file protein13.cif (mmCIF, N, CA and C atoms)
data_coords
#
loop_
_atom_site.label_atom_id
_atom_site.label_comp_id
_atom_site.auth_asym_id
_atom_site.auth_seq_id
_atom_site.Cartn_x
_atom_site.Cartn_y
_atom_site.Cartn_z
N MET A 272 10.46 -1.09 -15.15
CA MET A 272 11.53 -0.16 -15.43
C MET A 272 11.79 -0.12 -16.94
N MET A 273 11.89 1.09 -17.46
CA MET A 273 12.12 1.27 -18.88
C MET A 273 13.62 1.24 -19.17
N GLN A 274 14.01 0.68 -20.28
CA GLN A 274 15.43 0.66 -20.62
C GLN A 274 15.67 1.38 -21.94
N LEU A 275 16.62 2.28 -21.89
CA LEU A 275 17.08 2.94 -23.10
C LEU A 275 18.55 2.61 -23.27
N VAL A 276 18.91 2.14 -24.42
CA VAL A 276 20.32 1.85 -24.66
C VAL A 276 20.89 3.06 -25.38
N THR A 277 21.18 4.09 -24.62
CA THR A 277 21.66 5.34 -25.18
C THR A 277 22.40 6.12 -24.11
N THR A 278 23.12 7.14 -24.51
CA THR A 278 23.77 8.02 -23.54
C THR A 278 22.85 9.20 -23.27
N ILE A 279 23.12 9.95 -22.22
CA ILE A 279 22.31 11.12 -21.92
C ILE A 279 22.37 12.12 -23.06
N ASP A 280 23.53 12.25 -23.70
CA ASP A 280 23.66 13.17 -24.83
C ASP A 280 22.74 12.76 -25.98
N ASP A 281 22.71 11.46 -26.28
CA ASP A 281 21.82 10.97 -27.34
C ASP A 281 20.35 11.19 -26.95
N LEU A 282 20.05 10.91 -25.68
CA LEU A 282 18.67 11.07 -25.22
C LEU A 282 18.24 12.54 -25.32
N LEU A 283 19.12 13.45 -24.90
CA LEU A 283 18.78 14.88 -24.98
C LEU A 283 18.70 15.35 -26.43
N ASN A 284 19.53 14.81 -27.31
CA ASN A 284 19.41 15.14 -28.74
C ASN A 284 18.06 14.67 -29.28
N GLU A 285 17.65 13.46 -28.91
CA GLU A 285 16.35 12.95 -29.34
C GLU A 285 15.21 13.78 -28.77
N TRP A 286 15.35 14.18 -27.49
CA TRP A 286 14.34 15.05 -26.89
C TRP A 286 14.24 16.37 -27.66
N GLY A 287 15.39 16.90 -28.07
CA GLY A 287 15.39 18.14 -28.85
C GLY A 287 14.61 18.00 -30.14
N VAL A 288 14.83 16.88 -30.83
CA VAL A 288 14.09 16.61 -32.08
C VAL A 288 12.60 16.45 -31.77
N TRP A 289 12.30 15.70 -30.71
CA TRP A 289 10.91 15.47 -30.30
C TRP A 289 10.23 16.80 -29.98
N SER A 290 10.91 17.65 -29.21
CA SER A 290 10.27 18.91 -28.81
C SER A 290 10.19 19.89 -29.98
N GLN A 291 11.10 19.77 -30.95
CA GLN A 291 11.03 20.60 -32.15
C GLN A 291 9.77 20.29 -32.96
N ALA A 292 9.27 19.07 -32.79
CA ALA A 292 8.06 18.67 -33.50
C ALA A 292 6.81 19.32 -32.88
N GLY A 293 7.03 20.18 -31.88
CA GLY A 293 5.91 20.87 -31.26
C GLY A 293 5.32 20.13 -30.09
N LEU A 294 6.07 19.18 -29.54
CA LEU A 294 5.52 18.35 -28.48
C LEU A 294 6.05 18.70 -27.10
N GLY A 295 7.03 19.58 -27.04
CA GLY A 295 7.70 19.81 -25.77
C GLY A 295 7.32 21.10 -25.08
N LEU A 296 8.23 21.59 -24.25
CA LEU A 296 8.02 22.75 -23.39
C LEU A 296 7.47 23.98 -24.11
N THR A 297 7.95 24.25 -25.32
CA THR A 297 7.51 25.45 -26.02
C THR A 297 6.78 25.02 -27.29
N LEU A 298 5.48 24.97 -27.20
CA LEU A 298 4.66 24.47 -28.31
C LEU A 298 4.59 25.41 -29.49
N SER A 299 4.96 26.67 -29.29
CA SER A 299 4.73 27.68 -30.31
C SER A 299 5.67 27.59 -31.50
N SER A 300 6.81 26.93 -31.37
CA SER A 300 7.78 27.00 -32.46
C SER A 300 8.12 25.63 -33.03
N ALA A 301 7.13 24.96 -33.54
CA ALA A 301 7.38 23.66 -34.16
C ALA A 301 8.27 23.84 -35.39
N SER A 302 9.18 22.92 -35.54
CA SER A 302 10.14 22.99 -36.63
C SER A 302 9.50 22.53 -37.94
N ASN A 303 10.01 23.03 -39.03
CA ASN A 303 9.50 22.62 -40.34
C ASN A 303 10.34 21.52 -40.97
N ASP A 304 11.52 21.22 -40.37
CA ASP A 304 12.30 20.15 -41.00
C ASP A 304 11.63 18.82 -40.72
N ASN A 305 11.95 17.83 -41.54
CA ASN A 305 11.23 16.57 -41.47
C ASN A 305 11.95 15.52 -40.64
N THR A 306 12.72 15.94 -39.64
CA THR A 306 13.41 15.01 -38.77
C THR A 306 12.39 14.35 -37.85
N ILE A 307 12.44 13.04 -37.77
CA ILE A 307 11.50 12.30 -36.94
C ILE A 307 12.20 11.89 -35.64
N ALA A 308 11.55 12.16 -34.53
CA ALA A 308 12.11 11.77 -33.24
C ALA A 308 12.03 10.26 -33.06
N VAL A 309 13.07 9.69 -32.48
CA VAL A 309 13.13 8.26 -32.25
C VAL A 309 12.49 7.90 -30.90
N ILE A 310 12.49 8.83 -29.94
CA ILE A 310 11.92 8.52 -28.63
C ILE A 310 10.39 8.62 -28.69
N ASP A 311 9.74 7.88 -27.81
CA ASP A 311 8.28 7.93 -27.78
C ASP A 311 7.81 9.11 -26.93
N ASP A 312 6.54 9.40 -26.99
CA ASP A 312 5.98 10.55 -26.28
C ASP A 312 6.16 10.45 -24.76
N ASP A 313 6.01 9.25 -24.21
CA ASP A 313 6.18 9.09 -22.77
C ASP A 313 7.58 9.49 -22.33
N THR A 314 8.58 9.03 -23.08
CA THR A 314 9.96 9.37 -22.76
C THR A 314 10.21 10.86 -22.99
N GLY A 315 9.70 11.38 -24.09
CA GLY A 315 9.85 12.80 -24.38
C GLY A 315 9.25 13.66 -23.28
N LEU A 316 8.06 13.28 -22.82
CA LEU A 316 7.41 14.03 -21.73
C LEU A 316 8.20 13.92 -20.43
N MET A 317 8.77 12.75 -20.17
CA MET A 317 9.55 12.58 -18.95
C MET A 317 10.80 13.48 -18.98
N VAL A 318 11.46 13.54 -20.13
CA VAL A 318 12.63 14.42 -20.27
C VAL A 318 12.18 15.87 -20.17
N ASP A 319 11.07 16.20 -20.81
CA ASP A 319 10.53 17.55 -20.77
C ASP A 319 10.26 17.99 -19.32
N GLN A 320 9.65 17.13 -18.55
CA GLN A 320 9.37 17.43 -17.14
C GLN A 320 10.66 17.61 -16.36
N ALA A 321 11.66 16.78 -16.66
CA ALA A 321 12.95 16.89 -15.97
C ALA A 321 13.62 18.22 -16.31
N VAL A 322 13.56 18.64 -17.56
CA VAL A 322 14.15 19.92 -17.97
C VAL A 322 13.41 21.07 -17.28
N ALA A 323 12.09 20.97 -17.20
CA ALA A 323 11.31 22.00 -16.51
C ALA A 323 11.69 22.06 -15.03
N MET A 324 11.88 20.90 -14.41
CA MET A 324 12.27 20.85 -13.01
C MET A 324 13.67 21.43 -12.81
N LEU A 325 14.57 21.12 -13.73
CA LEU A 325 15.92 21.71 -13.68
C LEU A 325 15.83 23.23 -13.63
N GLY A 326 14.89 23.77 -14.40
CA GLY A 326 14.70 25.22 -14.45
C GLY A 326 14.30 25.83 -13.12
N LEU A 327 13.66 25.04 -12.26
CA LEU A 327 13.29 25.53 -10.93
C LEU A 327 14.53 25.76 -10.07
N TYR A 328 15.52 24.91 -10.24
CA TYR A 328 16.74 24.97 -9.44
C TYR A 328 17.84 25.80 -10.10
N ALA A 329 17.93 25.72 -11.40
CA ALA A 329 19.02 26.38 -12.13
C ALA A 329 18.50 26.90 -13.47
N PRO A 330 17.83 28.07 -13.44
CA PRO A 330 17.21 28.59 -14.66
C PRO A 330 18.19 28.80 -15.82
N LYS A 331 19.37 29.31 -15.54
CA LYS A 331 20.33 29.56 -16.63
C LYS A 331 20.82 28.24 -17.22
N THR A 332 20.99 27.22 -16.36
CA THR A 332 21.40 25.90 -16.85
C THR A 332 20.33 25.32 -17.76
N LYS A 333 19.07 25.46 -17.37
CA LYS A 333 17.96 24.99 -18.21
C LYS A 333 17.99 25.70 -19.56
N THR A 334 18.22 27.00 -19.53
CA THR A 334 18.28 27.78 -20.78
C THR A 334 19.38 27.26 -21.69
N VAL A 335 20.55 27.00 -21.11
CA VAL A 335 21.68 26.49 -21.90
C VAL A 335 21.35 25.12 -22.49
N VAL A 336 20.74 24.24 -21.68
CA VAL A 336 20.36 22.91 -22.17
C VAL A 336 19.38 23.04 -23.34
N MET A 337 18.38 23.91 -23.19
CA MET A 337 17.39 24.08 -24.26
C MET A 337 18.02 24.69 -25.52
N MET A 338 18.92 25.67 -25.32
CA MET A 338 19.56 26.29 -26.48
C MET A 338 20.43 25.28 -27.23
N SER A 339 21.07 24.38 -26.48
CA SER A 339 21.94 23.39 -27.11
C SER A 339 21.15 22.27 -27.78
N TYR A 340 20.28 21.63 -27.02
CA TYR A 340 19.62 20.43 -27.53
C TYR A 340 18.35 20.71 -28.32
N ARG A 341 17.66 21.78 -28.00
CA ARG A 341 16.42 22.08 -28.70
C ARG A 341 16.66 23.01 -29.88
N SER A 342 17.43 24.07 -29.64
CA SER A 342 17.68 25.04 -30.70
C SER A 342 18.93 24.72 -31.51
N LYS A 343 19.70 23.72 -31.06
CA LYS A 343 20.89 23.25 -31.78
C LYS A 343 21.96 24.33 -31.93
N LEU A 344 22.11 25.18 -30.91
CA LEU A 344 23.15 26.20 -30.94
C LEU A 344 24.45 25.63 -30.38
N SER A 345 25.57 26.12 -30.89
CA SER A 345 26.87 25.70 -30.37
C SER A 345 27.12 26.41 -29.04
N THR A 346 28.09 25.92 -28.28
CA THR A 346 28.41 26.59 -27.01
C THR A 346 28.91 28.01 -27.28
N ARG A 347 29.57 28.23 -28.39
CA ARG A 347 30.01 29.59 -28.74
C ARG A 347 28.80 30.51 -28.96
N GLN A 348 27.80 30.02 -29.68
CA GLN A 348 26.58 30.82 -29.91
C GLN A 348 25.82 31.06 -28.61
N ILE A 349 25.75 30.02 -27.76
CA ILE A 349 25.07 30.15 -26.48
C ILE A 349 25.77 31.20 -25.63
N ALA A 350 27.09 31.12 -25.56
CA ALA A 350 27.88 32.07 -24.77
C ALA A 350 27.63 33.50 -25.24
N LYS A 351 27.61 33.68 -26.54
CA LYS A 351 27.37 35.02 -27.10
C LYS A 351 25.97 35.51 -26.76
N ASN A 352 24.97 34.65 -26.92
CA ASN A 352 23.58 35.02 -26.64
C ASN A 352 23.35 35.36 -25.18
N LEU A 353 24.03 34.66 -24.28
CA LEU A 353 23.82 34.86 -22.84
C LEU A 353 24.86 35.80 -22.23
N ASP A 354 25.79 36.26 -23.05
CA ASP A 354 26.85 37.16 -22.60
C ASP A 354 27.65 36.54 -21.46
N ILE A 355 28.05 35.28 -21.68
CA ILE A 355 28.92 34.58 -20.74
C ILE A 355 30.09 34.00 -21.54
N GLY A 356 31.12 33.54 -20.85
CA GLY A 356 32.24 32.92 -21.55
C GLY A 356 31.88 31.57 -22.11
N GLU A 357 32.61 31.14 -23.12
CA GLU A 357 32.35 29.85 -23.75
C GLU A 357 32.60 28.70 -22.76
N THR A 358 33.62 28.85 -21.91
CA THR A 358 33.91 27.83 -20.90
C THR A 358 32.75 27.71 -19.93
N LYS A 359 32.18 28.84 -19.52
CA LYS A 359 31.03 28.84 -18.61
C LYS A 359 29.83 28.17 -19.27
N ALA A 360 29.62 28.45 -20.55
CA ALA A 360 28.51 27.82 -21.28
C ALA A 360 28.68 26.31 -21.31
N ARG A 361 29.92 25.85 -21.56
CA ARG A 361 30.19 24.41 -21.58
C ARG A 361 29.96 23.79 -20.20
N GLN A 362 30.39 24.50 -19.14
CA GLN A 362 30.20 24.01 -17.78
C GLN A 362 28.72 23.89 -17.45
N LEU A 363 27.94 24.89 -17.82
CA LEU A 363 26.49 24.85 -17.56
C LEU A 363 25.83 23.71 -18.33
N LEU A 364 26.26 23.50 -19.57
CA LEU A 364 25.69 22.43 -20.38
C LEU A 364 26.02 21.07 -19.77
N LEU A 365 27.26 20.90 -19.36
CA LEU A 365 27.68 19.63 -18.76
C LEU A 365 26.97 19.39 -17.43
N SER A 366 26.87 20.42 -16.61
CA SER A 366 26.20 20.23 -15.32
C SER A 366 24.71 19.97 -15.52
N GLY A 367 24.10 20.62 -16.49
CA GLY A 367 22.69 20.38 -16.79
C GLY A 367 22.45 18.97 -17.26
N ALA A 368 23.30 18.49 -18.19
CA ALA A 368 23.16 17.12 -18.69
C ALA A 368 23.38 16.12 -17.56
N SER A 369 24.33 16.40 -16.68
CA SER A 369 24.61 15.50 -15.55
C SER A 369 23.43 15.47 -14.58
N TRP A 370 22.87 16.64 -14.29
CA TRP A 370 21.71 16.70 -13.39
C TRP A 370 20.54 15.92 -14.00
N LEU A 371 20.30 16.14 -15.28
CA LEU A 371 19.20 15.45 -15.95
C LEU A 371 19.43 13.94 -15.97
N GLU A 372 20.66 13.52 -16.19
CA GLU A 372 20.98 12.09 -16.20
C GLU A 372 20.65 11.48 -14.84
N GLY A 373 21.09 12.12 -13.76
CA GLY A 373 20.81 11.62 -12.42
C GLY A 373 19.32 11.60 -12.13
N HIS A 374 18.63 12.66 -12.49
CA HIS A 374 17.19 12.76 -12.25
C HIS A 374 16.44 11.67 -13.01
N LEU A 375 16.78 11.49 -14.28
CA LEU A 375 16.08 10.49 -15.10
C LEU A 375 16.40 9.07 -14.65
N MET A 376 17.64 8.85 -14.22
CA MET A 376 18.00 7.52 -13.72
C MET A 376 17.22 7.22 -12.43
N ALA A 377 17.04 8.24 -11.60
CA ALA A 377 16.26 8.06 -10.37
C ALA A 377 14.80 7.75 -10.70
N LYS A 378 14.33 8.21 -11.86
CA LYS A 378 12.95 7.94 -12.30
C LYS A 378 12.82 6.56 -12.96
N GLY A 379 13.95 5.87 -13.10
CA GLY A 379 13.89 4.50 -13.65
C GLY A 379 14.30 4.36 -15.08
N ILE A 380 14.80 5.42 -15.69
CA ILE A 380 15.30 5.29 -17.07
C ILE A 380 16.77 4.88 -16.98
N LEU A 381 17.09 3.76 -17.57
CA LEU A 381 18.48 3.30 -17.56
C LEU A 381 19.23 3.96 -18.72
N ILE A 382 20.26 4.68 -18.36
CA ILE A 382 21.03 5.42 -19.36
C ILE A 382 22.44 4.86 -19.39
N LYS A 383 22.90 4.54 -20.58
CA LYS A 383 24.25 4.04 -20.75
C LYS A 383 25.25 5.16 -20.43
N THR A 384 26.23 4.86 -19.63
CA THR A 384 27.23 5.88 -19.33
C THR A 384 28.25 5.92 -20.46
N ALA A 385 28.59 7.13 -20.84
CA ALA A 385 29.58 7.30 -21.91
C ALA A 385 30.96 7.12 -21.29
N ALA A 386 31.63 6.05 -21.65
CA ALA A 386 32.96 5.83 -21.06
C ALA A 386 33.86 5.14 -22.07
#
call {"tool": "encode", "arguments": {"input": "protein13.cif", "output": "structure tokens"}}
result
Amino acid sequence: MMQLVTTIDDLLNEWGVWSQAGLGLTLSSASNDNTIAVIDDDTGLMVDQAVAMLGLYAPKTKTVVMMSYRSKLSTRQIAKNLDIGETKARQLLLSGASWLEGHLMAKGILIKTAA
């Protein structure tokens, strides 16, 4: 069992940096900034697969998660882009992060709960 001493928010932020390096779901838009991902490729791929699976069940939630963690958009920007309310965007982001946390924990990644 792999252990990460991090919260789901930190893990998703790291996944966003990792996938910006051209390693994740959308290979076409690698970032030019020099931010280095702290997570390894195995963890990045596991999060990537979880986000892809989330998209099978809740495509809009997956979109919100990717816009927030990968594209670094605020919930206000996400709401505007998707033509939804800011509260709805926050709800989708929270539910997506919660789903991913449960899915990844079931896969054996230990995630610190933010409390």
call {"tool": "residues_around", "arguments": {"input": "protein13.cif", "residues": "segment 317-322 of chain A", "least_positions_apart": "3", "cutoff": "9 Å", "atoms": "only C-alpha atoms", "output": "PyMOL selection string"}}
result
chain A and resi 282-283+286+290+295-296+312-314+325-326+333+336-337+367+371+374-375+378
call {"tool": "closest_residue", "arguments": {"input": "protein13.cif", "among": "A:Gly287, A:Leu381, A:Gln362, A:Ala329", "to": "Leu344 of chain A", "atoms": "only C-alpha atoms"}}
result
A:Gly287
call {"tool": "atom_distance", "arguments": {"input": "protein13.cif", "atom1": "atom CA of Thr332 of chain A", "atom2": "atom N of Leu363 of chain A"}}
result
6.7 Å
call {"tool": "axis_aligned_box", "arguments": {"input": "protein13.cif", "around": "segment 362-372 of chain A", "padding_each_side": "8 Å", "output": "lines of an AutoDock Vina configuration file"}}
result
center_x = 24.8
center_y = 18.2
center_z = -16.9
size_x = 27.2
size_y = 29.4
size_z = 23.0
call {"tool": "atom_distance", "arguments": {"input": "protein13.cif", "atom1": "atom N of Leu364 of chain A", "atom2": "atom C of Thr334 of chain A"}}
result
8.1 Å
call {"tool": "atom_distance", "arguments": {"input": "protein13.cif", "atom1": "atom CA of Asp281 of chain A", "atom2": "atom CA of Lys343 of chain A"}}
result
13.1 Å
call {"tool": "resolve_selection", "arguments": {"input": "protein13.cif", "expression": "the PyMOL selection byres ((chain A and resi 360) around 8)", "output": "list of chain:residue names"}}
result
A:Val335, A:Ser345, A:Thr346, A:Arg347, A:Ile349, A:Ala350, A:Lys351, A:Ile355, A:Gly356, A:Glu357, A:Thr358, A:Lys359, A:Arg361, A:Gln362, A:Leu363, A:Leu364, A:Leu365, A:Ser366
call {"tool": "residues_around", "arguments": {"input": "protein13.cif", "residues": "Val309 of chain A", "least_positions_apart": "2", "cutoff": "7 Å", "atoms": "all atoms listed in the file", "output": "number ranges by chain"}}
result
A: 285, 288-289, 307, 311
call {"tool": "decode", "arguments": {"input": "protein13.cif", "residues": "segment 299-362 of chain A", "atoms": "C-alpha atoms", "output": "PDB file, in the first residue's frame"}}
result
ATOM      1  CA  SER A 299      -1.524  18.389 -26.494  1.00  0.00           C
ATOM      2  CA  SER A 300      -1.175  21.369 -24.163  1.00  0.00           C
ATOM      3  CA  ALA A 301       1.991  20.998 -22.147  1.00  0.00           C
ATOM      4  CA  SER A 302       2.698  24.043 -20.051  1.00  0.00           C
ATOM      5  CA  ASN A 303       5.756  26.198 -20.581  1.00  0.00           C
ATOM      6  CA  ASP A 304       6.168  27.226 -16.955  1.00  0.00           C
ATOM      7  CA  ASN A 305       8.954  25.492 -15.091  1.00  0.00           C
ATOM      8  CA  THR A 306       6.877  24.119 -12.210  1.00  0.00           C
ATOM      9  CA  ILE A 307       8.018  20.623 -11.319  1.00  0.00           C
ATOM     10  CA  ALA A 308       5.474  18.070 -10.154  1.00  0.00           C
ATOM     11  CA  VAL A 309       6.196  16.484  -6.793  1.00  0.00           C
ATOM     12  CA  ILE A 310       4.163  13.307  -7.436  1.00  0.00           C
ATOM     13  CA  ASP A 311       5.678  10.421  -9.357  1.00  0.00           C
ATOM     14  CA  ASP A 312       4.359   9.133 -12.677  1.00  0.00           C
ATOM     15  CA  ASP A 313       2.641   6.113 -11.119  1.00  0.00           C
ATOM     16  CA  THR A 314       0.633   8.331  -8.784  1.00  0.00           C
ATOM     17  CA  GLY A 315      -0.051  10.845 -11.542  1.00  0.00           C
ATOM     18  CA  LEU A 316      -1.339   8.086 -13.810  1.00  0.00           C
ATOM     19  CA  MET A 317      -3.504   6.674 -11.031  1.00  0.00           C
ATOM     20  CA  VAL A 318      -5.097  10.101 -10.445  1.00  0.00           C
ATOM     21  CA  ASP A 319      -5.425  10.575 -14.211  1.00  0.00           C
ATOM     22  CA  GLN A 320      -7.275   7.265 -14.539  1.00  0.00           C
ATOM     23  CA  ALA A 321      -9.530   8.193 -11.616  1.00  0.00           C
ATOM     24  CA  VAL A 322     -10.388  11.551 -13.233  1.00  0.00           C
ATOM     25  CA  ALA A 323     -11.126   9.769 -16.519  1.00  0.00           C
ATOM     26  CA  MET A 324     -13.376   7.304 -14.685  1.00  0.00           C
ATOM     27  CA  LEU A 325     -15.160  10.177 -12.929  1.00  0.00           C
ATOM     28  CA  GLY A 326     -15.935  11.498 -16.402  1.00  0.00           C
ATOM     29  CA  LEU A 327     -17.829   8.299 -17.228  1.00  0.00           C
ATOM     30  CA  TYR A 328     -20.227   8.917 -14.346  1.00  0.00           C
ATOM     31  CA  ALA A 329     -20.256  12.705 -14.121  1.00  0.00           C
ATOM     32  CA  PRO A 330     -18.830  14.434 -17.214  1.00  0.00           C
ATOM     33  CA  LYS A 331     -19.537  17.989 -16.026  1.00  0.00           C
ATOM     34  CA  THR A 332     -17.929  17.244 -12.647  1.00  0.00           C
ATOM     35  CA  LYS A 333     -14.828  15.931 -14.419  1.00  0.00           C
ATOM     36  CA  THR A 334     -14.729  19.106 -16.516  1.00  0.00           C
ATOM     37  CA  VAL A 335     -14.922  21.285 -13.392  1.00  0.00           C
ATOM     38  CA  VAL A 336     -12.153  19.266 -11.680  1.00  0.00           C
ATOM     39  CA  MET A 337      -9.909  19.606 -14.739  1.00  0.00           C
ATOM     40  CA  MET A 338     -10.642  23.324 -15.128  1.00  0.00           C
ATOM     41  CA  SER A 339      -9.802  23.912 -11.473  1.00  0.00           C
ATOM     42  CA  TYR A 340      -6.778  21.702 -10.894  1.00  0.00           C
ATOM     43  CA  ARG A 341      -5.308  21.439 -14.372  1.00  0.00           C
ATOM     44  CA  SER A 342      -6.150  24.806 -15.902  1.00  0.00           C
ATOM     45  CA  LYS A 343      -6.014  26.640 -12.536  1.00  0.00           C
ATOM     46  CA  LEU A 344      -9.288  28.502 -13.102  1.00  0.00           C
ATOM     47  CA  SER A 345     -11.230  29.960 -10.182  1.00  0.00           C
ATOM     48  CA  THR A 346     -14.761  28.764  -9.462  1.00  0.00           C
ATOM     49  CA  ARG A 347     -15.974  32.130 -10.762  1.00  0.00           C
ATOM     50  CA  GLN A 348     -14.164  31.573 -14.088  1.00  0.00           C
ATOM     51  CA  ILE A 349     -15.422  27.981 -14.267  1.00  0.00           C
ATOM     52  CA  ALA A 350     -18.999  29.103 -13.620  1.00  0.00           C
ATOM     53  CA  LYS A 351     -18.747  31.718 -16.358  1.00  0.00           C
ATOM     54  CA  ASN A 352     -17.210  29.269 -18.861  1.00  0.00           C
ATOM     55  CA  LEU A 353     -19.846  26.597 -18.194  1.00  0.00           C
ATOM     56  CA  ASP A 354     -22.734  29.053 -17.831  1.00  0.00           C
ATOM     57  CA  ILE A 355     -23.624  27.808 -14.352  1.00  0.00           C
ATOM     58  CA  GLY A 356     -23.800  29.560 -10.988  1.00  0.00           C
ATOM     59  CA  GLU A 357     -20.679  29.941  -8.880  1.00  0.00           C
ATOM     60  CA  THR A 358     -22.304  27.932  -6.065  1.00  0.00           C
ATOM     61  CA  LYS A 359     -23.015  25.085  -8.513  1.00  0.00           C
ATOM     62  CA  ALA A 360     -19.406  25.188  -9.726  1.00  0.00           C
ATOM     63  CA  ARG A 361     -18.172  24.937  -6.118  1.00  0.00           C
ATOM     64  CA  GLN A 362     -20.569  22.036  -5.439  1.00  0.00           C
TER      65      GLN A 362
END
